[in-house]
$ cat model_6.cif   # mmCIF, C-alpha atoms and all ligand atoms
data_query
loop_
_atom_site.label_atom_id
_atom_site.label_comp_id
_atom_site.auth_asym_id
_atom_site.auth_seq_id
_atom_site.Cartn_x
_atom_site.Cartn_y
_atom_site.Cartn_z
CA MET A 264 53.99 62.92 29.27
CA SER A 265 53.90 62.38 25.54
CA PHE A 266 51.33 62.04 22.77
CA VAL A 267 51.54 58.98 20.56
CA CYS A 268 50.20 58.57 17.03
CA ASN A 269 48.25 55.34 17.12
CA HIS A 270 48.91 54.79 13.42
CA CYS A 271 52.71 54.90 13.38
CA ASN A 272 53.56 54.95 17.13
CA LYS A 273 55.64 58.09 16.81
CA SER A 274 55.51 60.13 20.04
CA PHE A 275 55.26 63.90 20.48
CA LEU A 276 55.84 66.22 23.38
CA LYS A 277 52.96 68.50 22.47
CA GLU A 278 49.43 67.45 21.55
CA SER A 279 49.32 70.14 18.85
CA SER A 280 52.25 68.43 17.12
CA LEU A 281 50.37 65.15 17.11
CA ILE A 282 47.28 66.82 15.63
CA VAL A 283 49.14 68.34 12.68
CA HIS A 284 51.30 65.27 12.28
CA SER A 285 50.78 63.30 9.11
CA CYS A 286 52.08 59.83 8.28
CA GLU A 287 51.42 57.27 5.60
CA PRO A 288 49.44 54.85 7.86
CA ARG A 289 47.22 57.71 9.03
CA ARG A 290 46.65 58.96 5.50
CA ARG A 291 45.64 55.45 4.44
CA GLN A 292 43.01 55.30 7.19
CA GLN A 293 41.70 58.73 6.23
CA GLU A 294 41.23 57.82 2.56
CA LYS A 295 39.66 54.46 3.41
CA ASN A 296 36.17 55.40 2.16
CA GLU A 297 37.21 56.89 -1.14
CA ARG A 298 35.68 54.94 -4.01
CA GLY A 299 39.05 54.31 -5.68
CA VAL A 300 40.54 53.00 -2.43
CA GLN A 301 37.52 50.74 -1.85
CA LEU A 302 37.82 49.35 -5.37
CA GLY A 303 41.53 48.78 -4.75
CA PHE A 304 40.69 46.95 -1.52
CA GLN A 305 38.12 44.72 -3.24
CA SER A 306 40.64 43.92 -5.98
CA TYR A 307 43.23 43.03 -3.34
CA ILE A 308 40.75 40.60 -1.73
CA LYS A 309 39.94 39.08 -5.11
CA PHE A 310 43.65 38.72 -5.83
CA TYR A 311 44.12 36.66 -2.66
CA GLU A 312 41.01 34.59 -3.30
CA LEU A 313 41.92 33.69 -6.86
CA MET A 314 45.71 33.54 -6.75
CA GLN A 315 46.50 32.27 -3.30
CA GLY A 316 43.28 30.32 -2.73
CA SER A 317 43.28 32.02 0.66
CA ALA A 318 40.03 31.47 2.51
CA LYS A 319 40.86 33.91 5.27
CA LEU A 320 39.28 37.25 4.49
CA LYS A 321 41.70 40.14 4.48
CA THR A 322 40.75 43.24 6.45
CA PHE A 323 41.32 46.84 5.46
CA ASP A 324 44.14 46.98 8.00
CA ASP A 325 45.85 44.04 6.28
CA PHE A 326 45.44 45.95 3.03
CA ALA A 327 46.73 49.26 4.44
CA GLY A 328 49.81 47.47 5.75
CA SER A 329 50.44 45.57 2.55
CA SER A 330 53.32 46.36 0.20
CA TYR A 331 50.75 46.08 -2.62
CA TYR A 332 48.63 48.93 -1.23
CA ARG A 333 49.84 51.64 -3.62
CA ALA A 334 49.51 49.44 -6.69
CA PHE A 335 45.95 48.38 -5.88
CA VAL A 336 44.82 51.90 -4.97
CA LYS A 337 46.31 53.21 -8.19
CA PHE A 338 44.28 50.57 -10.00
CA GLY A 339 41.09 51.40 -8.07
CA ARG A 340 41.46 55.08 -8.93
CA TYR A 341 42.09 54.18 -12.55
CA CYS A 342 38.79 52.24 -12.56
CA VAL A 343 36.98 55.31 -11.23
CA ASN A 344 38.65 57.71 -13.67
CA VAL A 345 37.99 55.75 -16.83
CA LYS A 346 34.61 54.46 -15.54
CA VAL A 347 35.60 50.83 -15.96
CA ILE A 348 32.63 48.62 -16.72
CA ASN A 349 32.22 45.88 -14.10
CA PRO A 350 35.49 46.32 -12.14
CA PRO A 351 35.23 42.92 -10.32
CA ARG A 352 35.04 41.16 -13.68
CA PHE A 353 37.96 43.24 -14.94
CA VAL A 354 40.09 42.05 -12.00
CA GLU A 355 39.15 38.41 -12.63
CA TRP A 356 40.05 38.86 -16.28
CA LEU A 357 43.42 40.47 -15.45
CA LEU A 358 44.28 37.61 -13.11
CA LYS A 359 43.18 34.91 -15.53
CA GLN A 360 45.17 36.55 -18.32
CA ASN A 361 48.22 36.73 -16.04
CA LYS A 362 48.57 40.46 -16.52
CA LYS A 363 51.17 41.86 -14.12
CA ILE A 364 49.84 44.46 -11.73
CA ASP A 365 52.05 47.21 -13.17
CA GLN A 366 50.10 46.80 -16.44
CA TRP A 367 46.65 47.00 -14.88
CA CYS A 368 46.23 50.74 -15.45
CA ARG A 369 47.11 50.69 -19.14
CA ASP A 370 44.37 51.83 -21.51
CA SER A 371 45.40 49.21 -24.06
CA ILE A 372 44.83 46.44 -21.49
CA TYR A 373 41.42 47.84 -20.51
CA THR A 374 40.44 48.01 -24.19
CA GLU A 375 41.43 44.38 -24.62
CA TYR A 376 39.23 43.43 -21.65
CA LEU A 377 36.33 45.58 -22.75
CA ILE A 378 36.15 44.12 -26.26
CA ASP A 379 36.14 40.63 -24.68
CA TYR A 380 33.62 41.56 -22.00
CA LEU A 381 31.11 43.19 -24.35
CA LYS A 382 30.91 39.86 -26.18
CA ILE A 383 29.75 37.94 -23.12
CA GLU A 384 27.82 40.34 -20.89
CA ALA A 385 24.12 39.92 -20.09
CA VAL A 386 21.78 41.88 -22.36
CA ASP A 387 19.97 43.52 -19.43
CA ASP A 388 23.24 45.21 -18.46
CA VAL A 389 23.66 46.32 -22.08
CA LEU A 390 20.20 47.91 -22.12
CA LEU A 391 20.59 49.53 -18.72
CA ARG A 392 23.82 51.22 -19.75
CA ALA A 393 22.34 52.42 -23.04
CA ILE A 394 19.36 53.92 -21.22
CA GLU A 395 21.67 55.64 -18.74
CA TYR A 396 23.71 57.03 -21.62
CA GLY A 397 20.56 58.33 -23.28
CA LEU A 398 19.40 60.00 -20.06
CA ASP A 399 22.79 61.68 -19.56
CA TRP A 400 22.59 62.93 -23.12
CA GLU A 401 19.06 64.20 -22.51
CA ASP A 402 20.28 66.09 -19.43
CA THR A 403 23.07 67.83 -21.32
CA THR A 404 21.28 68.52 -24.63
CA GLY A 405 17.61 68.84 -23.73
CA ASN A 406 16.66 66.37 -26.46
CA LEU A 407 14.78 63.14 -25.86
CA SER A 408 17.03 60.32 -24.68
CA HIS A 409 15.90 57.79 -27.29
CA ASP A 410 17.23 60.09 -30.03
CA CYS A 411 20.82 60.04 -28.76
CA LEU A 412 22.12 57.80 -31.56
CA ARG A 413 20.06 59.69 -34.14
CA TYR A 414 21.06 63.25 -33.30
CA GLY A 415 24.07 62.95 -31.00
CA ASN A 416 27.48 64.31 -31.92
CA SER A 417 29.19 61.58 -33.91
CA ASN A 418 32.57 61.97 -32.17
CA ALA A 419 30.91 61.70 -28.77
CA LEU A 420 29.01 58.63 -29.94
CA THR A 421 32.18 57.07 -31.31
CA HIS A 422 33.63 57.51 -27.84
CA ALA A 423 30.48 55.99 -26.32
CA VAL A 424 31.09 52.87 -28.39
CA VAL A 425 34.78 52.49 -27.54
CA SER A 426 34.14 53.14 -23.84
CA GLY A 427 31.43 50.45 -23.87
CA ARG A 428 28.53 52.80 -23.00
CA ILE A 429 26.82 51.82 -26.23
CA SER A 430 27.25 48.12 -26.94
CA PRO A 431 27.30 46.44 -30.37
CA TRP A 432 24.02 44.83 -29.23
CA VAL A 433 22.44 48.28 -29.41
CA ILE A 434 24.15 49.46 -32.59
CA TYR A 435 23.14 46.39 -34.58
CA ASN A 436 19.64 45.95 -33.15
CA SER A 437 18.11 49.41 -33.31
CA ALA A 438 17.03 51.60 -36.21
CA SER A 439 18.96 54.59 -34.86
CA GLY A 440 22.03 52.42 -34.28
CA GLN A 441 22.08 51.36 -37.93
CA GLU A 442 21.58 54.98 -38.94
CA PHE A 443 24.46 56.08 -36.72
CA LEU A 444 26.72 53.44 -38.28
CA SER A 445 25.92 54.46 -41.85
CA ASN A 446 26.66 58.12 -41.04
CA LEU A 447 30.16 57.60 -39.65
CA ASN A 448 33.13 58.82 -41.65
CA THR A 449 36.06 56.54 -42.50
CA GLU A 450 38.14 57.68 -39.56
CA GLN A 451 35.33 57.09 -37.04
CA LEU A 452 34.53 53.72 -38.57
CA ALA A 453 38.15 52.65 -38.12
CA ILE A 454 37.91 53.57 -34.43
CA VAL A 455 34.73 51.61 -33.68
CA TRP A 456 35.46 48.68 -35.98
CA PRO A 457 37.37 46.47 -33.51
CA TYR A 458 34.30 46.63 -31.25
CA LEU A 459 31.81 45.88 -33.99
CA ASP A 460 33.45 42.78 -35.48
CA VAL A 461 30.70 41.86 -37.95
CA ASP A 462 31.54 38.16 -38.23
CA PHE A 463 31.52 37.68 -34.48
CA TRP A 464 28.29 39.57 -33.88
CA GLN A 465 26.40 37.94 -36.71
CA LYS A 466 27.25 34.55 -35.25
CA LYS A 467 26.39 35.73 -31.74
CA PHE A 468 22.91 36.90 -32.79
CA LYS A 469 22.37 33.63 -34.65
CA ASP A 470 23.37 31.64 -31.57
CA TYR A 471 21.17 33.72 -29.21
CA PRO A 472 18.02 34.51 -31.19
CA ALA A 473 15.84 35.04 -28.10
CA ASP A 474 18.27 37.61 -26.70
CA GLN A 475 18.38 39.40 -30.02
CA GLU A 476 14.59 39.50 -30.28
CA TYR A 477 14.39 40.84 -26.73
CA VAL A 478 16.94 43.59 -27.34
CA LYS A 479 15.30 44.58 -30.62
CA GLU A 480 11.88 44.75 -29.07
CA MET A 481 12.99 46.72 -26.01
CA LEU A 482 14.85 49.27 -28.10
CA LYS A 483 12.01 49.61 -30.57
CA LYS A 484 9.49 50.16 -27.79
CA ALA A 485 11.75 52.77 -26.24
CA GLY A 486 11.95 54.63 -29.54
CA TRP A 487 15.60 53.88 -30.37
ZN ZN B 501 51.59 58.66 12.62
#

$ encode --input "model_6.cif" --output "structure tokens"
Amino acid sequence: MSFVCNHCNKSFLKESSLIVHSCEPRRRQQEKNERGVQLGFQSYIKFYELMQGSAKLKTFDDFAGSSYYRAFVKFGRYCVNVKVINPPRFVEWLLKQNKKIDQWCRDSIYTEYLIDYLKIEAVDDVLLRAIEYGLDWEDTTGNLSHDCLRYGNSNALTHAVVSGRISPWVIYNSASGQEFLSNLNTEQLAIVWPYLDVDFWQKKFKDYPADQEYVKEMLKKAGW
């Protein structure tokens, strides 16, 4: 009588050996519900949809048995760690830009995507993220969330801009955003500048006056 691992088919004489046994297929099943693994799995599906035009939906087992598994899971975990904004859109962008999968976890590539993405995202998503940022700041500092750009630490706020938490929509269309901008030192300005491309944003606001009015009004009402 023997005990067989139903993940790798290896057999054992003692049940206790099977229980402590560990193999890659078993590990992959055990980590299936981790957020990073799930994001990797969704990216793998998207990859097949967009690149291979494959209509047949891939299962998790297909994914776990794929030679791409490690690369996609690494990417999914990267998305979790750096809090990628809109991971499905990021994957579409990577595929459209023909970025090779070994480049997908590079910060420089994510920055390139983010600067592009912030220019086209819906303003409701912009506002939602700003409000979330304000509430997080309120939780950690005890101040009112709508004051985050007014009284927040300028290095932390600089980071909030380059990580996309605070969009140029918010900086340019709120009183506290303008204040924040005028208080930055040269070094901080250089960091946020690629995100705040004045020529682009001026044209954007001119082309979408209703969106700009909406953002301005919402932020004003909220006390930003
Ligand atoms: Zn096994």

$ residues_near_ligand --input "model_6.cif" --ligand "ligand ZN 501 (chain B)" --cutoff "7 Å" --atoms "all atoms listed in the file" --output "list in words"
Cys268, Asn269, His270, Cys271, Asn272, Lys273, His284, Ser285, Cys286, Pro288 and Arg289 of chain A

$ residues_around --input "model_6.cif" --residues "A:Ala327" --least-positions-apart "4" --cutoff "8 Å" --atoms "only C-alpha atoms" --output "ChimeraX atom specification"
/A:288,291-292,323,332

$ residues_around --input "model_6.cif" --residues "stretch 477-480 of chain A" --least-positions-apart "6" --cutoff "12 Å" --atoms "only C-alpha atoms" --output "ChimeraX atom specification"
/A:385-391,393,430-440,468,471,486-487

$ residues_around --input "model_6.cif" --residues "stretch 442-451 of chain A" --least-positions-apart "3" --cutoff "8 Å" --atoms "all atoms listed in the file" --output "VMD selection string"
chain A and resid 412 to 413 417 to 418 421 434 438 to 439 454 to 455

$ closest_atom_pairs --input "model_6.cif" --of "stretch 423-480 of chain A" --to "stretch 333-350 of chain A" --cutoff "9 Å" --atoms "all atoms listed in the file" --output "JSON lines"
{"residue": "A:Ser426", "atom": "CA", "partner": "A:Val347", "partner_atom": "CA", "distance": 8.3}
{"residue": "A:Gly427", "atom": "CA", "partner": "A:Ile348", "partner_atom": "CA", "distance": 7.5}
{"residue": "A:Arg428", "atom": "CA", "partner": "A:Ile348", "partner_atom": "CA", "distance": 8.6}

$ write_last_selection --input "model_6.cif" --atoms "C-alpha atoms" --output "PDB file, keeping the file's coordinate frame"
ATOM      1  CA  SER A 426      34.140  53.140 -23.840  1.00  0.00           C
ATOM      2  CA  GLY A 427      31.430  50.450 -23.870  1.00  0.00           C
ATOM      3  CA  ARG A 428      28.530  52.800 -23.000  1.00  0.00           C
TER       4      ARG A 428
END

$ closest_residue --input "model_6.cif" --among "A:Ala485, A:Ser329, A:Asp460, A:Ser265" --to "A:Leu407" --atoms "only C-alpha atoms"
A:Ala485

$ closest_residue --input "model_6.cif" --among "A:Lys362, A:Lys469, A:Arg298, A:Arg290" --to "A:Phe310" --atoms "all atoms listed in the file"
A:Lys362

$ closest_residue --input "model_6.cif" --among "A:Phe326, A:Trp464, A:Leu358, A:Tyr373" --to "A:Gln301" --atoms "only C-alpha atoms"
A:Phe326

$ residues_near_point --input "model_6.cif" --point "(15.5, 60.7, -27.1)" --cutoff "12 Å" --atoms "only C-alpha atoms" --output "list in words"
Ala393, Ile394, Glu395, Tyr396, Gly397, Leu398, Asp399, Trp400, Glu401, Asp402, Thr403, Thr404, Gly405, Asn406, Leu407, Ser408, His409, Asp410, Cys411, Leu412, Arg413, Tyr414, Gly415, Ser439, Leu482, Ala485, Gly486 and Trp487 of chain A

$ atom_distance --input "model_6.cif" --atom1 "atom CA of A:Pro472" --atom2 "atom CA of A:Ile383"
14.6 Å

$ closest_residue --input "model_6.cif" --among "A:Glu384, A:Ser330, A:Leu313, A:Lys319" --to "A:Asn361" --atoms "only C-alpha atoms"
A:Leu313

$ closest_residue --input "model_6.cif" --among "A:Leu302, A:Ser274, A:Met314, A:Thr322" --to "A:Gln360" --atoms "only C-alpha atoms"
A:Met314
